[in-house]
>>> print(open('data_4.txt').read())   # compact mmCIF, C-alpha atoms and all ligand atoms
# COMPACT_ATOMS: atom_id res chain seq x y z
CA MET K 4 0.00 0.00 0.00
CA PRO K 5 1.60 3.27 -1.07
CA VAL K 6 2.02 5.89 1.58
CA ASP K 7 1.91 9.55 0.64
CA LYS K 8 3.69 11.92 2.97
CA VAL K 9 1.57 15.04 3.40
CA THR K 10 3.66 18.16 3.87
CA GLN K 11 0.98 20.80 3.17
CA VAL K 12 -2.52 20.99 4.62
CA ALA K 13 -3.81 21.65 1.09
CA GLN K 14 -2.60 18.16 0.11
CA THR K 15 -5.02 16.44 2.49
CA LYS K 16 -7.92 14.56 0.96
CA PRO K 17 -11.23 13.41 2.40
CA LEU K 18 -11.60 9.72 3.16
CA HIS K 19 -15.04 8.29 2.53
CA GLY K 20 -16.27 5.19 4.27
CA GLU K 21 -15.96 3.80 7.77
CA ILE K 22 -12.92 3.40 9.93
CA PRO K 23 -13.30 0.71 12.58
CA VAL K 24 -12.39 2.25 15.91
CA TYR K 25 -12.67 0.38 19.15
CA ALA K 26 -12.28 1.98 22.54
CA GLN K 27 -12.72 0.83 26.06
CA TYR K 28 -13.31 3.43 28.73
CA THR K 29 -12.22 2.67 32.25
CA PHE K 30 -12.89 4.58 35.43
CA GLY K 31 -9.28 4.28 36.51
CA ILE K 32 -8.10 2.95 39.89
CA ALA K 33 -9.90 5.48 42.07
CA GLY K 34 -13.01 5.62 39.91
CA GLU K 35 -13.31 1.85 39.93
CA LYS K 36 -13.47 1.71 43.72
CA PHE K 37 -15.74 4.76 43.92
CA PHE K 38 -18.33 3.36 41.51
CA ARG K 39 -18.10 -0.19 42.89
CA GLU K 40 -18.86 1.06 46.41
CA LEU K 41 -21.70 3.15 45.09
CA LYS K 42 -23.17 0.23 43.15
CA ASP K 43 -22.62 -2.61 45.62
CA ASN K 44 -22.95 -0.85 48.96
CA GLY K 45 -24.65 2.45 48.21
CA ARG K 46 -21.75 4.29 49.80
CA LEU K 47 -20.19 7.54 48.73
CA MET K 48 -16.42 7.25 49.12
CA GLY K 49 -13.59 9.73 49.20
CA VAL K 50 -9.84 9.59 49.76
CA LYS K 51 -7.81 11.57 52.27
CA CYS K 52 -4.37 13.01 51.70
CA PRO K 53 -2.08 12.09 54.63
CA GLU K 54 -0.04 15.29 54.14
CA CYS K 55 -2.65 17.96 53.37
CA ASN K 56 -5.59 16.26 55.10
CA LEU K 57 -7.69 17.12 52.07
CA ILE K 58 -10.52 14.69 51.37
CA TYR K 59 -11.21 14.28 47.68
CA VAL K 60 -14.63 13.52 46.18
CA PRO K 61 -14.58 12.26 43.52
CA PRO K 62 -11.55 10.29 44.68
CA ARG K 63 -8.21 10.24 42.90
CA ILE K 64 -4.98 8.34 43.41
CA TYR K 65 -2.63 11.30 43.90
CA CYS K 66 -3.05 14.58 45.77
CA GLU K 67 -3.13 17.46 43.32
CA ARG K 68 -1.45 19.74 45.84
CA CYS K 69 1.44 17.70 47.23
CA PHE K 70 1.44 14.66 44.89
CA SER K 71 1.17 12.18 47.76
CA GLU K 72 -0.30 8.83 46.89
CA LEU K 73 -3.82 8.60 48.27
CA THR K 74 -4.74 5.27 49.83
CA GLU K 75 -6.86 6.24 52.85
CA TRP K 76 -10.46 5.66 51.80
CA LEU K 77 -13.34 6.84 53.88
CA GLU K 78 -17.10 6.96 53.59
CA ILE K 79 -18.55 10.38 52.95
CA PRO K 80 -21.89 11.26 54.58
CA ASN K 81 -24.67 11.19 51.99
CA ARG K 82 -25.73 14.71 52.90
CA GLY K 83 -24.26 17.86 51.43
CA VAL K 84 -25.24 21.35 50.42
CA VAL K 85 -26.01 23.01 47.11
CA HIS K 86 -22.88 24.99 46.24
CA THR K 87 -24.26 26.27 42.96
CA PHE K 88 -26.99 25.23 40.57
CA THR K 89 -28.61 25.87 37.23
CA VAL K 90 -32.05 25.17 35.80
CA SER K 91 -32.13 23.71 32.32
CA HIS K 92 -35.21 23.96 30.12
CA ILE K 93 -33.68 22.26 27.07
CA ASP K 94 -32.06 18.86 26.54
CA LEU K 95 -28.64 18.16 25.04
CA ASP K 96 -30.13 18.29 21.54
CA GLY K 97 -31.73 21.67 22.10
CA ASN K 98 -35.27 20.35 22.51
CA ARG K 99 -37.51 21.97 25.09
CA LEU K 100 -38.08 19.77 28.16
CA LYS K 101 -41.55 19.19 29.59
CA GLU K 102 -40.16 19.73 33.06
CA PRO K 103 -36.98 21.71 33.77
CA VAL K 104 -33.98 19.81 35.13
CA ILE K 105 -32.12 21.28 38.06
CA VAL K 106 -28.39 20.50 38.07
CA ALA K 107 -26.30 21.36 41.11
CA LEU K 108 -22.77 21.11 42.40
CA VAL K 109 -23.23 19.38 45.74
CA LYS K 110 -20.42 19.83 48.24
CA PHE K 111 -19.89 17.81 51.38
CA ASP K 112 -18.68 19.01 54.75
CA GLY K 113 -14.88 18.90 54.99
CA VAL K 114 -14.52 17.61 51.44
CA TYR K 115 -12.50 19.12 48.61
CA GLY K 116 -14.50 18.90 45.40
CA GLY K 117 -18.05 17.70 45.10
CA LEU K 118 -20.50 16.06 42.75
CA VAL K 119 -22.46 17.59 39.90
CA HIS K 120 -25.87 15.97 39.85
CA ARG K 121 -29.59 16.49 39.46
CA LEU K 122 -31.83 17.74 42.22
CA GLY K 123 -35.19 16.09 42.73
CA ARG K 124 -38.33 16.52 44.79
CA VAL K 125 -37.95 20.28 44.69
CA GLU K 126 -39.24 23.08 42.46
CA ALA K 127 -36.64 25.23 40.77
CA ASP K 128 -37.79 28.40 42.53
CA LYS K 129 -37.31 26.72 45.91
CA VAL K 130 -33.63 25.85 45.36
CA SER K 131 -31.03 28.05 47.05
CA ILE K 132 -27.29 28.15 47.52
CA GLY K 133 -26.41 26.41 50.77
CA MET K 134 -29.59 24.32 50.79
CA PRO K 135 -28.96 20.99 52.56
CA VAL K 136 -29.56 17.98 50.31
CA GLU K 137 -29.37 14.22 50.63
CA MET K 138 -28.33 11.57 48.11
CA VAL K 139 -31.14 9.38 46.78
CA LEU K 140 -29.92 6.10 45.29
CA LYS K 141 -31.60 3.90 42.76
CA SER K 142 -32.60 0.50 44.13
CA LYS K 143 -29.67 -1.92 44.32
CA THR K 144 -31.01 -4.04 41.46
CA LYS K 145 -31.03 -1.02 39.16
CA ARG K 146 -27.53 0.22 40.00
CA VAL K 147 -24.93 -0.40 37.30
CA GLY K 148 -21.77 1.34 38.57
CA SER K 149 -22.45 4.80 37.20
CA ILE K 150 -22.89 8.27 38.62
CA LEU K 151 -26.54 7.77 37.66
CA ASP K 152 -26.78 5.13 40.40
CA ILE K 153 -27.47 8.27 42.37
CA ASP K 154 -30.98 9.11 41.19
CA TYR K 155 -30.79 12.68 42.46
CA PHE K 156 -30.22 14.76 45.57
CA LYS K 157 -33.29 15.88 47.47
CA PRO K 158 -33.75 18.63 50.03
CA VAL K 159 -33.34 17.48 53.61
ZN ZN K 201 -1.69 16.44 49.67
>>> encode(input="data_4.txt", output="structure tokens")
Amino acid sequence: MPVDKVTQVAQTKPLHGEIPVYAQYTFGIAGEKFFRELKDNGRLMGVKCPECNLIYVPPRIYCERCFSELTEWLEIPNRGVVHTFTVSHIDLDGNRLKEPVIVALVKFDGVYGGLVHRLGRVEADKVSIGMPVEMVLKSKTKRVGSILDIDYFKPV
């Protein structure tokens, strides 16, 4: 098969047809444990840096501040507060939704980071910054090891 070396952008040509591409996404070491605990035990987990004492949620394997390896896992309480939120009236394709979706960054006491997720059982005009919320999980039989194993966060 001849190979043409392209030295100018103008020499590029379109390729018609299909290119078989296979990919496998993994959660990584920390993500694997995080999602397995969520799926199997309904627990929200974080990791603590032994040097900085920062607790990361979502967890990671190295501290972004001091580069220490993070191996101390701990369960995070399933209650947090709304740090910020937005109300979406359209879906990802630009179609108007029947009901608006409220998406919030939920932060947990003493934790660095937080989770972006939907709020439920609350009207958009009742949501406020600092509002306490609680994680609502799907039933164990419906959990698959995804962030959507958390159905939503509801006001406490
Ligand atoms: Zn650290």
>>> residues_near_ligand(input="data_4.txt", ligand="ligand ZN 201 (chain K)", cutoff="8 Å", atoms="all atoms listed in the file", output="PDB file with C-alpha atoms, in the coordinates of the input")
ATOM      1  CA  CYS K  52      -4.370  13.010  51.700  1.00  0.00           C
ATOM      2  CA  PRO K  53      -2.080  12.090  54.630  1.00  0.00           C
ATOM      3  CA  GLU K  54      -0.040  15.290  54.140  1.00  0.00           C
ATOM      4  CA  CYS K  55      -2.650  17.960  53.370  1.00  0.00           C
ATOM      5  CA  ASN K  56      -5.590  16.260  55.100  1.00  0.00           C
ATOM      6  CA  LEU K  57      -7.690  17.120  52.070  1.00  0.00           C
ATOM      7  CA  TYR K  65      -2.630  11.300  43.900  1.00  0.00           C
ATOM      8  CA  CYS K  66      -3.050  14.580  45.770  1.00  0.00           C
ATOM      9  CA  GLU K  67      -3.130  17.460  43.320  1.00  0.00           C
ATOM     10  CA  ARG K  68      -1.450  19.740  45.840  1.00  0.00           C
ATOM     11  CA  CYS K  69       1.440  17.700  47.230  1.00  0.00           C
ATOM     12  CA  PHE K  70       1.440  14.660  44.890  1.00  0.00           C
ATOM     13  CA  SER K  71       1.170  12.180  47.760  1.00  0.00           C
TER      14      SER K  71
END
>>> closest_residue(input="data_4.txt", among="K:Asn44, K:Asn81, K:Ser91, K:Thr15", to="Glu137 of chain K", atoms="all atoms listed in the file")
K:Asn81
>>> atom_distance(input="data_4.txt", atom1="atom CA of Ile132 of chain K", atom2="atom CA of Pro158 of chain K")
11.8 Å
>>> residues_around(input="data_4.txt", residues="Val109 of chain K", least_positions_apart="3", cutoff="10 Å", atoms="all atoms listed in the file", output="PyMOL selection string")
chain K and resi 82-88+106+116-122+132-138+156
>>> residues_around(input="data_4.txt", residues="segment 24-36 of chain K", least_positions_apart="6", cutoff="7 Å", atoms="all atoms listed in the file", output="PDB file with C-alpha atoms, in the coordinates of the input")
ATOM      1  CA  PRO K  62     -11.550  10.290  44.680  1.00  0.00           C
ATOM      2  CA  ARG K  63      -8.210  10.240  42.900  1.00  0.00           C
ATOM      3  CA  ILE K  64      -4.980   8.340  43.410  1.00  0.00           C
TER       4      ILE K  64
END
>>> atom_distance(input="data_4.txt", atom1="atom CA of Val159 of chain K", atom2="atom CA of Ile93 of chain K")
27.0 Å
>>> atom_distance(input="data_4.txt", atom1="atom CA of Pro61 of chain K", atom2="atom CA of Ser142 of chain K")
21.5 Å
>>> closest_residue(input="data_4.txt", among="K:Gly123, K:Gly148, K:Pro80, K:Gly20", to="Met48 of chain K", atoms="only C-alpha atoms")
K:Pro80
>>> closest_residue(input="data_4.txt", among="K:Ala13, K:Val114, K:Val60, K:Val125", to="Phe37 of chain K", atoms="only C-alpha atoms")
K:Val60
>>> residues_around(input="data_4.txt", residues="Leu47 of chain K", least_positions_apart="6", cutoff="6 Å", atoms="all atoms listed in the file", output="ChimeraX atom specification")
/K:41,78-79
>>> closest_residue(input="data_4.txt", among="K:Tyr155, K:His92, K:Ile22, K:Glu72", to="Arg124 of chain K", atoms="only C-alpha atoms")
K:Tyr155
>>> residues_around(input="data_4.txt", residues="Leu140 of chain K", least_positions_apart="3", cutoff="7 Å", atoms="all atoms listed in the file", output="short mmCIF file (atom, residue, chain, number, x, y, z; two decimals) with C-alpha atoms, in the coordinates of the input")
data_model
loop_
_atom_site.label_atom_id
_atom_site.label_comp_id
_atom_site.auth_asym_id
_atom_site.auth_seq_id
_atom_site.Cartn_x
_atom_site.Cartn_y
_atom_site.Cartn_z
CA ASP K 152 -26.78 5.13 40.40
CA ILE K 153 -27.47 8.27 42.37
CA ASP K 154 -30.98 9.11 41.19
#
>>> decode(input="data_4.txt", residues="segment 118-141 of chain K", atoms="N, CA and C atoms", output="mmCIF file, in the first residue's frame")
data_model
loop_
_atom_site.group_PDB
_atom_site.id
_atom_site.type_symbol
_atom_site.label_atom_id
_atom_site.label_comp_id
_atom_site.auth_asym_id
_atom_site.auth_seq_id
_atom_site.Cartn_x
_atom_site.Cartn_y
_atom_site.Cartn_z
ATOM 1 N N LEU K 118 -19.874 16.794 43.848
ATOM 2 C CA LEU K 118 -20.499 16.064 42.752
ATOM 3 C C LEU K 118 -21.495 16.963 42.026
ATOM 4 N N VAL K 119 -21.454 16.920 40.711
ATOM 5 C CA VAL K 119 -22.461 17.591 39.900
ATOM 6 C C VAL K 119 -23.560 16.571 39.637
ATOM 7 N N HIS K 120 -24.765 16.914 40.027
ATOM 8 C CA HIS K 120 -25.868 15.971 39.848
ATOM 9 C C HIS K 120 -27.205 16.706 39.820
ATOM 10 N N ARG K 121 -28.242 15.935 39.512
ATOM 11 C CA ARG K 121 -29.592 16.493 39.459
ATOM 12 C C ARG K 121 -30.168 16.650 40.865
ATOM 13 N N LEU K 122 -31.032 17.627 41.007
ATOM 14 C CA LEU K 122 -31.828 17.745 42.219
ATOM 15 C C LEU K 122 -33.215 17.221 41.907
ATOM 16 N N GLY K 123 -33.841 16.619 42.899
ATOM 17 C CA GLY K 123 -35.186 16.090 42.725
ATOM 18 C C GLY K 123 -36.046 16.447 43.913
ATOM 19 N N ARG K 124 -37.335 16.245 43.741
ATOM 20 C CA ARG K 124 -38.335 16.524 44.787
ATOM 21 C C ARG K 124 -38.269 17.963 45.277
ATOM 22 N N VAL K 125 -37.981 18.854 44.337
ATOM 23 C CA VAL K 125 -37.952 20.280 44.691
ATOM 24 C C VAL K 125 -38.254 21.081 43.425
ATOM 25 N N GLU K 126 -38.969 22.177 43.584
ATOM 26 C CA GLU K 126 -39.240 23.078 42.463
ATOM 27 C C GLU K 126 -38.050 24.014 42.290
ATOM 28 N N ALA K 127 -37.797 24.399 41.064
ATOM 29 C CA ALA K 127 -36.637 25.234 40.765
ATOM 30 C C ALA K 127 -36.620 26.521 41.590
ATOM 31 N N ASP K 128 -37.772 27.122 41.800
ATOM 32 C CA ASP K 128 -37.791 28.397 42.526
ATOM 33 C C ASP K 128 -37.622 28.223 44.036
ATOM 34 N N LYS K 129 -37.525 26.980 44.479
ATOM 35 C CA LYS K 129 -37.307 26.720 45.913
ATOM 36 C C LYS K 129 -35.846 26.361 46.205
ATOM 37 N N VAL K 130 -35.034 26.225 45.161
ATOM 38 C CA VAL K 130 -33.632 25.855 45.361
ATOM 39 C C VAL K 130 -32.830 27.094 45.743
ATOM 40 N N SER K 131 -31.888 26.924 46.674
ATOM 41 C CA SER K 131 -31.032 28.046 47.050
ATOM 42 C C SER K 131 -29.622 27.553 47.330
ATOM 43 N N ILE K 132 -28.679 28.455 47.184
ATOM 44 C CA ILE K 132 -27.289 28.153 47.519
ATOM 45 C C ILE K 132 -27.219 27.862 49.016
ATOM 46 N N GLY K 133 -26.537 26.782 49.362
ATOM 47 C CA GLY K 133 -26.405 26.413 50.774
ATOM 48 C C GLY K 133 -27.507 25.484 51.262
ATOM 49 N N MET K 134 -28.479 25.190 50.404
ATOM 50 C CA MET K 134 -29.586 24.316 50.794
ATOM 51 C C MET K 134 -29.070 22.909 51.085
ATOM 52 N N PRO K 135 -29.384 22.349 52.258
ATOM 53 C CA PRO K 135 -28.963 20.987 52.556
ATOM 54 C C PRO K 135 -29.709 19.976 51.680
ATOM 55 N N VAL K 136 -28.971 19.010 51.172
ATOM 56 C CA VAL K 136 -29.558 17.977 50.311
ATOM 57 C C VAL K 136 -29.013 16.611 50.699
ATOM 58 N N GLU K 137 -29.734 15.602 50.298
ATOM 59 C CA GLU K 137 -29.369 14.223 50.630
ATOM 60 C C GLU K 137 -29.399 13.370 49.368
ATOM 61 N N MET K 138 -28.432 12.472 49.265
ATOM 62 C CA MET K 138 -28.334 11.573 48.112
ATOM 63 C C MET K 138 -29.489 10.576 48.120
ATOM 64 N N VAL K 139 -30.111 10.408 46.952
ATOM 65 C CA VAL K 139 -31.143 9.381 46.782
ATOM 66 C C VAL K 139 -30.621 8.397 45.743
ATOM 67 N N LEU K 140 -30.442 7.148 46.173
ATOM 68 C CA LEU K 140 -29.915 6.101 45.286
ATOM 69 C C LEU K 140 -31.031 5.386 44.563
ATOM 70 N N LYS K 141 -30.704 4.839 43.409
ATOM 71 C CA LYS K 141 -31.603 3.902 42.763
ATOM 72 C C LYS K 141 -31.589 2.624 43.601
#
